Structures are given as C-alpha cells and as structure tokens.
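entry-v7.txt follows; it contains compact mmCIF, C-alpha atoms.
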```txt
# COMPACT_ATOMS: atom_id res chain seq x y z
CA MET R 1328 123.52 134.89 13.52
CA SER R 1329 120.97 132.29 14.57
CA TYR R 1330 118.34 133.37 17.03
CA PHE R 1331 116.53 131.18 19.55
CA GLU R 1332 113.00 131.12 20.81
CA SER R 1333 113.93 129.75 24.20
CA ARG R 1334 110.49 128.90 25.55
CA LEU R 1335 107.76 127.33 23.49
CA ARG R 1336 105.21 125.55 25.65
CA LEU R 1337 103.71 122.46 24.04
CA ASN R 1338 100.73 120.62 25.48
CA THR R 1339 101.62 116.94 25.30
CA ASN R 1340 97.94 115.93 25.32
CA ASN R 1341 97.24 117.74 22.06
CA PHE R 1342 99.53 116.66 19.24
CA GLU R 1343 97.59 118.66 16.62
CA GLU R 1344 98.39 121.86 18.51
CA ILE R 1345 102.06 120.84 18.68
CA GLU R 1346 102.14 120.34 14.90
CA GLN R 1347 100.39 123.68 14.35
CA LYS R 1348 102.80 125.58 16.60
CA LEU R 1349 105.88 124.07 14.98
CA HIS R 1350 104.43 124.75 11.52
CA PHE R 1351 103.92 128.38 12.51
CA CYS R 1352 107.49 128.60 13.77
CA LYS R 1353 108.68 127.39 10.39
CA LEU R 1354 106.46 129.92 8.59
CA LEU R 1355 107.94 132.69 10.71
CA GLY R 1356 111.44 131.48 9.97
CA ILE R 1357 112.32 130.48 13.53
CA GLN R 1358 115.18 127.99 13.20
CA ASN R 1359 116.00 127.18 16.82
CA ILE R 1360 113.42 126.39 19.45
CA ILE R 1361 113.63 125.32 23.06
CA VAL R 1362 110.52 123.35 23.82
CA GLU R 1363 108.84 122.93 27.18
CA LEU R 1364 106.63 119.87 27.35
CA GLU R 1365 103.63 120.47 29.58
CA ASN R 1366 101.35 117.97 31.36
CA ASN R 1367 103.94 115.47 32.62
CA GLY R 1368 105.81 115.64 29.35
CA ARG R 1369 108.96 114.49 31.12
CA LYS R 1370 107.55 110.97 31.49
CA LYS R 1371 106.58 110.70 27.83
CA HIS R 1372 109.82 112.05 26.47
CA PRO R 1373 111.40 109.46 24.13
CA ASP R 1374 108.38 108.71 21.96
CA LEU R 1375 107.07 112.26 21.90
CA LYS R 1376 110.51 113.74 21.20
CA ARG R 1377 110.88 111.47 18.17
CA LYS R 1378 107.42 112.48 16.90
CA ILE R 1379 108.15 116.19 17.40
CA GLU R 1380 111.49 115.98 15.63
CA GLU R 1381 109.80 114.29 12.66
CA ILE R 1382 107.43 117.22 12.12
CA ASN R 1383 109.90 119.62 10.49
CA ASN R 1384 113.56 120.40 10.27
CA VAL R 1385 113.64 123.03 13.01
CA ASN R 1386 116.46 122.65 15.53
CA ILE R 1387 114.77 121.61 18.79
CA ASN R 1388 116.10 121.51 22.35
CA TYR R 1389 114.16 120.72 25.50
CA ARG R 1390 113.70 122.34 28.85
CA THR R 1391 112.08 121.31 32.12
CA THR R 1392 110.58 123.92 34.38
CA ILE R 1393 110.24 123.22 38.09
CA ASN R 1394 107.76 125.27 40.11
CA PRO R 1395 108.55 124.23 43.69
CA LYS R 1396 106.24 125.24 46.52
CA ASN R 1397 108.95 125.01 49.17
CA LEU R 1398 112.63 124.16 49.61
CA GLU R 1399 111.97 120.45 50.23
CA SER R 1400 109.98 120.19 47.04
CA LEU R 1401 112.85 121.86 45.13
CA ILE R 1402 115.39 119.40 46.56
CA ASN R 1403 113.14 116.42 45.77
CA ASN R 1404 112.55 117.65 42.22
CA LEU R 1405 116.27 118.12 41.60
CA LYS R 1406 117.18 114.61 42.76
CA GLY R 1407 118.43 112.52 39.84
CA ILE R 1408 118.04 115.36 37.39
CA GLY R 1409 121.75 116.29 37.28
CA HIS R 1410 122.58 114.31 34.15
CA SER R 1411 119.41 115.23 32.27
CA SER R 1412 119.93 116.56 28.75
CA ASP R 1413 117.11 119.08 29.29
CA ILE R 1414 117.70 122.63 30.43
CA ILE R 1415 116.66 122.76 34.08
CA VAL R 1416 114.69 125.89 34.95
CA VAL R 1417 113.39 126.90 38.37
CA GLU R 1418 110.56 129.39 38.67
CA SER R 1419 109.39 130.54 42.09
CA SER R 1420 108.39 133.78 43.77
CA ASP R 1421 109.95 132.58 47.06
CA LYS R 1422 113.33 134.28 47.54
CA LYS R 1423 114.70 131.37 49.61
CA ILE R 1424 113.94 128.97 46.78
CA GLN R 1425 115.51 131.37 44.26
CA ILE R 1426 118.70 131.56 46.34
CA GLN R 1427 118.88 127.79 46.80
CA ALA R 1428 118.29 127.23 43.08
CA ALA R 1429 120.92 129.80 42.12
CA LYS R 1430 123.45 128.02 44.39
CA ASP R 1431 122.69 124.61 42.88
CA SER R 1432 124.90 123.79 39.89
CA ARG R 1433 122.22 121.46 38.43
CA VAL R 1434 119.93 124.44 37.85
CA ASP R 1435 120.68 126.19 34.57
CA VAL R 1436 118.13 128.99 34.61
CA ILE R 1437 116.21 130.97 37.23
CA SER R 1438 113.07 132.13 35.49
CA PHE R 1439 111.41 135.49 36.06
CA SER R 1440 108.83 135.07 33.32
CA GLU R 1441 105.67 135.37 35.39
CA GLN R 1442 104.75 138.84 36.63
CA SER R 1443 104.36 137.74 40.25
CA VAL R 1444 107.87 136.22 40.10
CA LEU R 1445 109.40 139.15 38.21
CA LYS R 1446 108.49 141.51 41.04
CA THR R 1447 110.67 139.48 43.43
CA ILE R 1448 113.95 139.82 41.50
CA PHE R 1449 116.77 141.16 43.70
CA PRO R 1450 120.55 141.68 43.30
CA GLY R 1451 121.47 138.70 45.52
CA VAL R 1452 120.04 136.09 43.17
CA ILE R 1453 121.68 137.80 40.17
CA SER R 1454 125.04 137.72 41.93
CA LEU R 1455 124.64 134.01 42.74
CA THR R 1456 123.77 133.14 39.13
CA LYS R 1457 126.87 135.00 38.00
CA GLN R 1458 129.02 133.01 40.43
CA ASN R 1459 127.50 129.75 39.26
CA GLN R 1460 127.53 130.70 35.56
CA SER R 1461 123.81 130.01 35.33
CA PHE R 1462 121.25 132.28 33.69
CA ILE R 1463 118.30 134.51 34.45
CA GLU R 1464 115.30 134.45 32.16
CA PHE R 1465 112.78 137.12 31.23
CA SER R 1466 109.76 136.76 29.03
CA LEU R 1467 108.05 139.24 26.69
CA ALA R 1468 104.61 137.59 26.77
CA PRO R 1469 103.22 139.87 29.53
CA ILE R 1470 103.69 142.98 27.37
CA MET R 1471 101.63 141.54 24.52
CA VAL R 1472 98.35 141.51 26.45
CA LYS R 1473 95.33 143.47 25.20
CA ASN R 1474 94.45 145.26 28.44
CA LYS R 1475 96.29 148.59 28.25
CA SER R 1476 96.67 149.23 31.98
CA LEU R 1477 97.93 145.69 32.57
CA GLN R 1478 100.25 146.00 29.59
CA SER R 1479 101.86 149.20 30.85
CA LYS R 1480 102.16 147.78 34.36
CA ASN R 1481 103.84 144.65 32.99
CA LEU R 1482 106.16 146.73 30.81
CA ARG R 1483 107.17 148.79 33.85
CA ASN R 1484 108.01 145.64 35.87
CA LEU R 1485 109.87 144.06 32.97
CA TYR R 1486 111.83 147.26 32.33
CA ARG R 1487 112.86 147.39 36.00
CA GLY R 1488 113.94 143.72 36.02
CA VAL R 1489 115.89 143.90 32.76
CA GLN R 1490 117.60 147.15 33.75
CA LEU R 1491 118.65 145.63 37.09
CA ALA R 1492 120.09 142.58 35.34
CA ASN R 1493 121.82 144.81 32.80
CA LYS R 1494 123.28 147.07 35.48
CA LEU R 1495 124.69 144.12 37.41
CA ASN R 1496 126.08 142.61 34.21
CA ALA R 1497 124.09 139.41 34.72
CA ASN R 1498 123.89 136.44 32.36
CA TYR R 1499 120.36 136.68 31.10
CA ILE R 1500 118.24 135.42 28.26
CA ILE R 1501 114.94 136.75 26.94
CA ASN R 1502 112.20 134.75 25.27
CA GLY R 1503 108.76 135.21 23.80
CA ASP R 1504 106.90 132.52 25.79
CA PHE R 1505 103.74 133.13 23.76
CA ASN R 1506 100.87 130.71 24.18
CA ASP R 1507 98.63 131.96 21.38
CA LEU R 1508 99.66 130.98 17.85
CA TYR R 1509 99.08 134.48 16.50
CA LEU R 1510 101.25 136.02 19.19
CA LEU R 1511 104.32 134.04 18.12
CA ARG R 1512 107.05 136.30 16.75
CA HIS R 1513 110.47 135.83 15.21
CA PRO R 1514 113.22 136.46 17.82
CA ARG R 1515 114.72 139.19 15.58
CA ALA R 1516 111.48 141.14 15.93
CA LEU R 1517 111.66 140.64 19.69
CA VAL R 1518 115.23 141.99 19.64
CA SER R 1519 113.81 145.24 18.26
CA VAL R 1520 111.17 145.34 20.99
CA CYS R 1521 113.86 144.86 23.67
CA HIS R 1522 116.00 147.59 22.14
CA THR R 1523 113.26 150.15 21.69
CA LEU R 1524 111.07 149.55 24.74
CA LEU R 1525 113.30 147.92 27.37
CA GLY R 1526 116.20 150.30 26.85
CA ILE R 1527 118.95 147.76 26.21
CA SER R 1528 121.51 148.13 23.46
CA LEU R 1529 120.93 146.32 20.17
CA GLN R 1530 124.08 144.27 20.67
CA GLN R 1531 123.03 143.16 24.16
CA ALA R 1532 119.50 142.40 22.95
CA LYS R 1533 120.85 140.22 20.13
CA LYS R 1534 123.13 138.46 22.62
CA CYS R 1535 120.13 137.59 24.83
CA PHE R 1536 118.48 135.76 21.93
CA SER R 1537 121.54 134.06 20.47
CA LYS R 1538 124.99 133.91 22.13
CA SER R 1539 123.69 133.62 25.69
CA VAL R 1540 121.34 130.80 24.67
CA VAL R 1541 124.23 129.00 22.97
CA SER R 1542 126.27 129.40 26.18
CA LEU R 1543 123.33 127.99 28.12
CA LEU R 1544 123.16 124.95 25.83
CA ASN R 1545 126.92 124.46 26.23
CA ARG R 1546 126.47 124.58 29.99
CA VAL R 1547 123.88 121.80 29.77
CA GLN R 1548 126.26 119.73 27.63
CA MET R 1549 129.06 120.19 30.16
CA ARG R 1550 126.74 119.28 33.04
CA LYS R 1551 125.95 116.01 31.28
CA ASP R 1552 129.64 115.21 30.89
CA LYS R 1553 130.80 113.04 33.81
CA ASN R 1554 134.40 114.15 33.36
CA PHE R 1555 133.58 117.84 33.55
CA ILE R 1556 135.14 119.65 36.49
CA GLU R 1557 133.45 122.82 37.65
CA SER R 1558 135.47 126.02 37.71
CA GLY R 1559 137.13 126.61 41.09
CA VAL R 1560 137.53 122.87 41.76
CA LYS R 1561 141.04 121.46 41.63
CA LEU R 1562 141.74 117.74 41.59
CA ILE R 1563 144.52 116.69 43.96
CA TYR R 1564 146.12 113.39 43.10
CA GLU R 1565 147.51 110.98 45.67
CA GLY R 1566 150.82 112.19 47.07
CA GLU R 1567 150.31 115.69 45.71
CA ARG R 1568 149.97 118.65 48.00
CA MET I 114 101.99 138.44 6.60
CA ILE I 115 100.18 135.50 8.19
CA SER I 116 96.47 135.88 8.82
CA GLU I 117 93.85 133.81 10.61
CA GLN I 118 91.71 133.31 7.53
CA ASN I 119 91.41 134.83 4.09
CA PHE I 120 89.75 138.17 4.70
CA SER I 121 89.68 141.30 2.60
CA LEU I 122 92.45 143.69 3.53
CA ASP I 123 93.52 146.85 1.83
CA LYS I 124 96.68 148.89 1.96
CA GLN I 125 94.99 151.66 3.92
CA LYS I 126 93.90 149.32 6.72
CA ILE I 127 97.43 147.99 7.09
CA LEU I 128 98.97 151.47 7.02
CA ASN I 129 96.47 152.69 9.61
CA SER I 130 97.28 149.83 11.94
CA ILE I 131 101.05 150.41 11.59
CA TRP I 132 100.59 154.12 12.30
CA GLY I 133 98.32 153.20 15.23
CA ALA I 134 101.00 150.96 16.74
CA LEU I 135 103.69 153.60 16.16
CA TRP I 136 101.61 156.24 17.92
CA LYS I 137 100.57 153.93 20.74
CA TYR I 138 104.04 152.71 21.67
CA PHE I 139 106.38 155.50 20.57
CA GLY I 140 104.30 158.67 20.44
CA LEU I 141 104.18 161.67 18.11
CA LYS I 142 107.87 162.56 18.33
CA GLU I 143 109.14 159.18 17.13
CA ALA I 144 106.28 158.64 14.66
CA SER I 145 107.17 161.93 12.96
CA ARG I 146 110.72 160.67 12.27
CA VAL I 147 109.66 157.40 10.63
CA GLY I 148 108.81 158.44 7.05
CA LEU I 149 106.67 155.35 6.52
CA TRP I 150 105.82 154.26 2.98
CA LEU I 151 104.12 151.08 1.80
CA VAL I 152 106.07 150.36 -1.36
CA ASP I 153 104.55 147.08 -2.41
CA LEU I 154 102.01 144.66 -0.98
CA ASP I 155 100.96 141.29 -2.35
CA PHE I 156 97.93 140.06 -0.43
CA LEU I 157 97.80 136.70 -2.19
CA LYS I 158 101.35 135.76 -1.35
CA GLY I 159 101.28 137.61 1.95
CA ILE I 160 104.43 139.60 1.40
CA GLY I 161 105.18 143.30 1.09
CA ILE I 162 107.82 145.99 1.26
CA ILE I 163 107.79 148.88 3.74
CA ARG I 164 110.10 151.84 3.33
CA CYS I 165 111.19 153.89 6.35
CA SER I 166 114.08 155.97 7.64
CA HIS I 167 117.07 153.79 8.54
CA LEU I 168 117.29 155.61 11.87
CA THR I 169 113.86 154.34 12.89
CA LYS I 170 114.11 150.80 11.50
CA GLU I 171 113.97 149.17 14.94
CA ILE I 172 110.96 151.27 15.91
CA VAL I 173 109.06 150.17 12.80
CA ILE I 174 109.92 146.49 13.42
CA SER I 175 108.72 146.85 17.02
CA ALA I 176 105.49 148.48 15.89
CA LEU I 177 104.89 145.64 13.38
CA THR I 178 105.54 143.12 16.17
CA PHE I 179 102.85 144.65 18.35
CA ILE I 180 100.15 144.43 15.66
CA THR I 181 98.11 141.36 16.57
CA GLU I 182 94.86 142.03 14.73
CA ILE I 183 93.38 144.17 11.97
CA SER I 184 89.61 144.68 11.73
CA GLY I 185 89.12 142.09 14.47
CA LYS I 186 91.00 139.37 12.59
CA LYS I 187 94.23 137.93 13.93
CA ILE I 188 97.30 138.72 11.89
CA ILE I 189 101.09 138.53 12.16
CA LEU I 190 103.28 141.05 10.36
CA SER I 191 106.70 139.47 10.57
CA PRO I 192 109.81 141.12 9.11
CA ILE I 193 111.81 138.86 6.80
CA LYS I 194 114.69 141.02 5.68
CA THR I 195 115.87 144.61 5.92
CA SER I 196 117.99 146.29 3.31
CA GLY I 197 119.44 149.69 2.49
CA THR I 198 118.00 149.91 -1.02
CA ILE I 199 114.63 149.20 -2.56
CA ARG I 200 116.29 147.47 -5.53
CA SER I 201 118.05 144.86 -3.40
CA ILE I 202 114.99 144.20 -1.27
CA LYS I 203 112.97 143.64 -4.47
CA ASN I 204 115.57 141.08 -5.53
CA THR I 205 115.29 139.42 -2.11
CA LYS I 206 111.51 139.32 -2.50
CA LYS I 207 111.86 137.65 -5.90
CA LEU I 208 114.20 135.02 -4.46
CA TYR I 209 111.89 134.47 -1.48
CA LEU I 210 108.88 133.89 -3.72
CA GLU I 211 110.79 131.46 -5.92
```

For this file, produce the structure as structure tokens.
Amino acid sequence: MSYFESRLRLNTNNFEEIEQKLHFCKLLGIQNIIVELENNGRKKHPDLKRKIEEINNVNINYRTTINPKNLESLINNLKGIGHSSDIIVVESSDKKIQIQAAKDSRVDVISFSEQSVLKTIFPGVISLTKQNQSFIEFSLAPIMVKNKSLQSKNLRNLYRGVQLANKLNANYIINGDFNDLYLLRHPRALVSVCHTLLGISLQQAKKCFSKSVVSLLNRVQMRKDKNFIESGVKLIYEGER
Amino acid sequence: MISEQNFSLDKQKILNSIWGALWKYFGLKEASRVGLWLVDLDFLKGIGIIRCSHLTKEIVISALTFITEISGKKIILSPIKTSGTIRSIKNTKKLYLE
C-alpha cells in the first residue's frame, strides 16, 4: 500500500530548502507527496514544477490552498480555477465560507489544519462534503509542538474533530504538514499515531493516508475532464422527456 | 536514524529517550506491556533493530515518531520495516544496507 504525505509546504523563494525537503522525504522513504507552493507559487508553476520533478523520483502532486477573508474573496479566488490540475483546498475559520466552499464542486478539500480553524468544525460542513464527495483535512503538526500544555490542548481539539468526522462517516484525509525538516515523518508512522492517540481504527487510519488520497486525486482528474458529468445530473437529449 | 550532525550517541541514551516518550504519551500501564529491547544498533549506518511485544507495536512506532531530539540534537527515528521474527528482520536489514 502506498502512503501519501498530502501537505508539504515548499517556499518558492528558496530552492535550496525545496531540494533539502525532497531529499529528506526520499531518505524517509516517502514515495508520494502533495506539494503546496507558497509565496505566489501558482504564478511560477511550469518552470518550478519541472525543476522540482527533476530533483528525485518521488511521485509529486500539487495543491493550492485558498485562505479567503470573506465570501466575495472566495468566489473571486475560485473563478477560472475549475479546470486546474491542482487540488483546490479552502481553509477558513468562517462557517459561512466553509459552507459555501463545501457546496462548490470546484473545491476538493475543506482544511481544518490550523487550530483556530479546527475549533470551528461542525456537522453541517461534514454533511455537505459528503454530499459533494469532497474531503475534510486534518493535520498532525499541532501535536508535535514542544510546549506541553499547548500540545495537550491541540491533541484534545484534534481528537474531538477526528472523532466527529469518524462518527459522521465523513470523507477525510490526514497529513503531517510539518514545516521543520526534522519533524517530517513517514506516513506509516503517522498512521500509528492516529491509531494510538486519536482513537481511530488502524484500517481507517491507513485509509486516511492512502485510499482516500487516491480518491481525492481521482476527483481532481474527473474535475479536469470536460466530459465528466457530476453524480445526480442527467442529460436530457432533444425530444426526450 | 537521521540526525542533525554527527554527534556521539550511545544505546542507553536512545533507550532512555524511547522509554521517556512511551511514558510521556502512553503512561505506566502501556509502557509495562511493551517489553522493549534494543537488539542491534549501527550508529555509522544509522540503522537498528528494536524488539517489542507484537501487541504494542503501534505504541512503540508512535513513541519513536514523537522523539524529535536526543541530548539537544535533532534526530528522526523512522521505522523502516516490522517483522514477526528477528531472523527475517536481520535479512531485511542486510538487503537494505546493500
């Protein structure tokens, strides 16, 4: 089974750091990475993507995270993004934005990685993502901090969020989202952390790092396809009732 | 085992940090079930073998994941392979080093 690290932030202004991070991933045996290019990476894509793919033979996919301040900003950001080959992720602590993003078929993932955002998770947004076959995302980075009180607080919030998603049978993925090189871990190790500390079954934890991510990538592929018809939509030809 | 720089480590320091992580995150009850044993450790090649109860395998992997530094130096203890017997894991280690 191939596991995914579904959020690796790369600073586009520092190519040395990019090389170092990807080298580390290879050392750790991480085969599949979903990269998030920071600092207007979207504009520099073609050239930078080619350079990144030349570094090593790790399987790389890309994601774009939108952090809208209000609904208008979300709508503006989503314009023209429908046929993008990147995974489109929306991250906001505003419930209205979360609902709008969950309703929008162009959005693939609603992220609850940040602690301030994680606190705002509620059943409505989970239900909408299930309807739209999109995904919810959690991150393990907050529980790897040094400060013990912060760490236990973050673990408590994460446990609550993951258990809610699990109870409602949501489509969710989990990632490391580690910024520091020495905090990077192989997804299999993170599966163990999810199983032992977040109280989810081993099978479900493995699914969050592999099958669900594959489904997410398939969703992106289908979104790109102009001939793809969303579920629940029926084409009626001329003369047909 | 990936470390920040070449610094002197010994088996005892590594064992202490694993026990520390086990105690910190899982407590006395779970730590008592682990049966931890450092079978083999090659500092030069950065690879080793840890023996534990199969019932607590996930707990040990989690504890290794949470170790970020030893003696103030950054380190990653990343599991490569788990196996039911020491003999087969030694074979895996040989293949890995080749």

Neighbours of chain R in chain I at 12 Å, counting all atoms listed in the file, as a ChimeraX atom specification: /I:114-118,135,137-139,143,159,168-182,186-195,209

Proximity to I:Asp123 - best of I:Ile160, I:Cys165, I:Leu154, I:Ile199, all atoms listed in the file: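 Nearest to I:Asp123: I:Leu154.
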
Length of the atom CA of R:Lys1353 to atom CA of R:Asn1383 vector [Å]: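 About the pair atom CA of R:Lys1353 and atom CA of R:Asn1383: they are 7.9 Å apart.
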
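Going from atom CA of R:Gln1531 over to atom CA of R:Lys1423, you cover 29.3 Å.
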
Ref. answer, residues at most 6 Å from (125.1, 115.0, 33.8) with all atoms listed in the file, as a list in words: Gly1409, His1410, Ser1411, Arg1550, Lys1551 and Asp1552 of chain R

Atom CA of R:Glu1346 to atom CA of I:Leu210, distance in Å rounded to a single decimal: 24.0 Å

Nearest to R:Ile1345, chosen from R:Gln1427, R:Asn1554, R:Asn1506, R:Ser1440, with only C-alpha atoms counted in the distances: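 When distances to R:Ile1345 are compared using only C-alpha atoms, the smallest one comes from R:Asn1506.
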
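The environment of R:Gly1451 within 10 Å, counting all atoms listed in the file and disregarding residues fewer than 5 places along the same chain, consists of Lys1422, Gln1425, Ile1426, Ala1429, Thr1456 and Lys1457 of chain R.
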
Include C-alpha atoms and write out the residues we just selected as a PDB file, in the coordinates of the input.
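Generated output (result.pdb):
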```
ATOM      1  CA  LYS R1422     113.330 134.280  47.540  1.00  0.00           C
ATOM      2  CA  GLN R1425     115.510 131.370  44.260  1.00  0.00           C
ATOM      3  CA  ILE R1426     118.700 131.560  46.340  1.00  0.00           C
ATOM      4  CA  ALA R1429     120.920 129.800  42.120  1.00  0.00           C
ATOM      5  CA  THR R1456     123.770 133.140  39.130  1.00  0.00           C
ATOM      6  CA  LYS R1457     126.870 135.000  38.000  1.00  0.00           C
TER       7      LYS R1457
END
```

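Close contacts of I:Leu122, defined as residues with an atom at most 9 Å away when counting all atoms listed in the file, with chain neighbours fewer than 6 positions off set aside, comprise Phe156, Ile183 and Ser184 of chain I.
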
Supply stretch 1467-1499 of chain R as a short mmCIF file (atom, residue, chain, number, x, y, z; two decimals), keeping the file's coordinate frame, with N, CA and C atoms built in where the input has gaps.
```
data_model
loop_
_atom_site.label_atom_id
_atom_site.label_comp_id
_atom_site.auth_asym_id
_atom_site.auth_seq_id
_atom_site.Cartn_x
_atom_site.Cartn_y
_atom_site.Cartn_z
N LEU R 1467 108.74 138.06 27.24
CA LEU R 1467 108.05 139.24 26.69
C LEU R 1467 106.53 139.06 26.58
N ALA R 1468 106.05 137.86 26.91
CA ALA R 1468 104.61 137.59 26.77
C ALA R 1468 103.73 138.59 27.55
N PRO R 1469 104.11 138.96 28.78
CA PRO R 1469 103.22 139.87 29.53
C PRO R 1469 103.00 141.23 28.88
N ILE R 1470 103.92 141.65 27.97
CA ILE R 1470 103.69 142.98 27.37
C ILE R 1470 102.91 142.88 26.05
N MET R 1471 102.44 141.69 25.74
CA MET R 1471 101.63 141.54 24.52
C MET R 1471 100.14 141.35 24.85
N VAL R 1472 99.76 141.67 26.08
CA VAL R 1472 98.35 141.51 26.45
C VAL R 1472 97.51 142.68 25.90
N LYS R 1473 96.20 142.45 25.80
CA LYS R 1473 95.33 143.47 25.20
C LYS R 1473 95.03 144.62 26.16
N ASN R 1474 94.82 144.27 27.44
CA ASN R 1474 94.45 145.26 28.44
C ASN R 1474 95.56 146.30 28.61
N LYS R 1475 95.25 147.56 28.29
CA LYS R 1475 96.29 148.59 28.25
C LYS R 1475 96.93 148.86 29.61
N SER R 1476 96.10 148.89 30.66
CA SER R 1476 96.67 149.23 31.98
C SER R 1476 97.57 148.09 32.45
N LEU R 1477 97.12 146.85 32.19
CA LEU R 1477 97.93 145.69 32.57
C LEU R 1477 99.23 145.66 31.75
N GLN R 1478 99.09 146.01 30.48
CA GLN R 1478 100.25 146.00 29.59
C GLN R 1478 101.31 147.00 30.06
N SER R 1479 100.87 148.20 30.43
CA SER R 1479 101.86 149.20 30.85
C SER R 1479 102.47 148.83 32.19
N LYS R 1480 101.65 148.22 33.06
CA LYS R 1480 102.16 147.78 34.36
C LYS R 1480 103.21 146.68 34.16
N ASN R 1481 102.90 145.74 33.28
CA ASN R 1481 103.84 144.65 32.99
C ASN R 1481 105.13 145.17 32.36
N LEU R 1482 104.98 146.15 31.46
CA LEU R 1482 106.16 146.73 30.81
C LEU R 1482 107.07 147.40 31.84
N ARG R 1483 106.42 148.09 32.79
CA ARG R 1483 107.17 148.79 33.85
C ARG R 1483 107.98 147.77 34.68
N ASN R 1484 107.32 146.67 35.07
CA ASN R 1484 108.01 145.64 35.87
C ASN R 1484 109.15 145.00 35.08
N LEU R 1485 108.86 144.71 33.82
CA LEU R 1485 109.87 144.06 32.97
C LEU R 1485 111.07 144.99 32.76
N TYR R 1486 110.77 146.26 32.54
CA TYR R 1486 111.83 147.26 32.33
C TYR R 1486 112.74 147.30 33.57
N ARG R 1487 112.10 147.32 34.74
CA ARG R 1487 112.86 147.39 36.00
C ARG R 1487 113.76 146.16 36.15
N GLY R 1488 113.19 144.98 35.89
CA GLY R 1488 113.94 143.72 36.02
C GLY R 1488 115.11 143.65 35.05
N VAL R 1489 114.85 143.99 33.79
CA VAL R 1489 115.89 143.90 32.76
C VAL R 1489 117.00 144.92 33.04
N GLN R 1490 116.59 146.12 33.45
CA GLN R 1490 117.60 147.15 33.75
C GLN R 1490 118.48 146.75 34.92
N LEU R 1491 117.87 146.10 35.93
CA LEU R 1491 118.65 145.63 37.09
C LEU R 1491 119.67 144.59 36.65
N ALA R 1492 119.20 143.64 35.83
CA ALA R 1492 120.09 142.58 35.34
C ALA R 1492 121.21 143.18 34.48
N ASN R 1493 120.84 144.16 33.69
CA ASN R 1493 121.82 144.81 32.80
C ASN R 1493 122.86 145.57 33.61
N LYS R 1494 122.39 146.26 34.64
CA LYS R 1494 123.28 147.07 35.48
C LYS R 1494 124.28 146.18 36.21
N LEU R 1495 123.81 145.02 36.66
CA LEU R 1495 124.69 144.12 37.41
C LEU R 1495 125.47 143.17 36.50
N ASN R 1496 125.33 143.41 35.19
CA ASN R 1496 126.08 142.61 34.21
C ASN R 1496 125.77 141.12 34.33
N ALA R 1497 124.51 140.80 34.51
CA ALA R 1497 124.09 139.41 34.72
C ALA R 1497 124.08 138.63 33.41
N ASN R 1498 124.11 137.29 33.53
CA ASN R 1498 123.89 136.44 32.36
C ASN R 1498 122.38 136.28 32.24
N TYR R 1499 121.80 136.86 31.21
CA TYR R 1499 120.36 136.68 31.10
C TYR R 1499 119.93 136.42 29.66
#
```
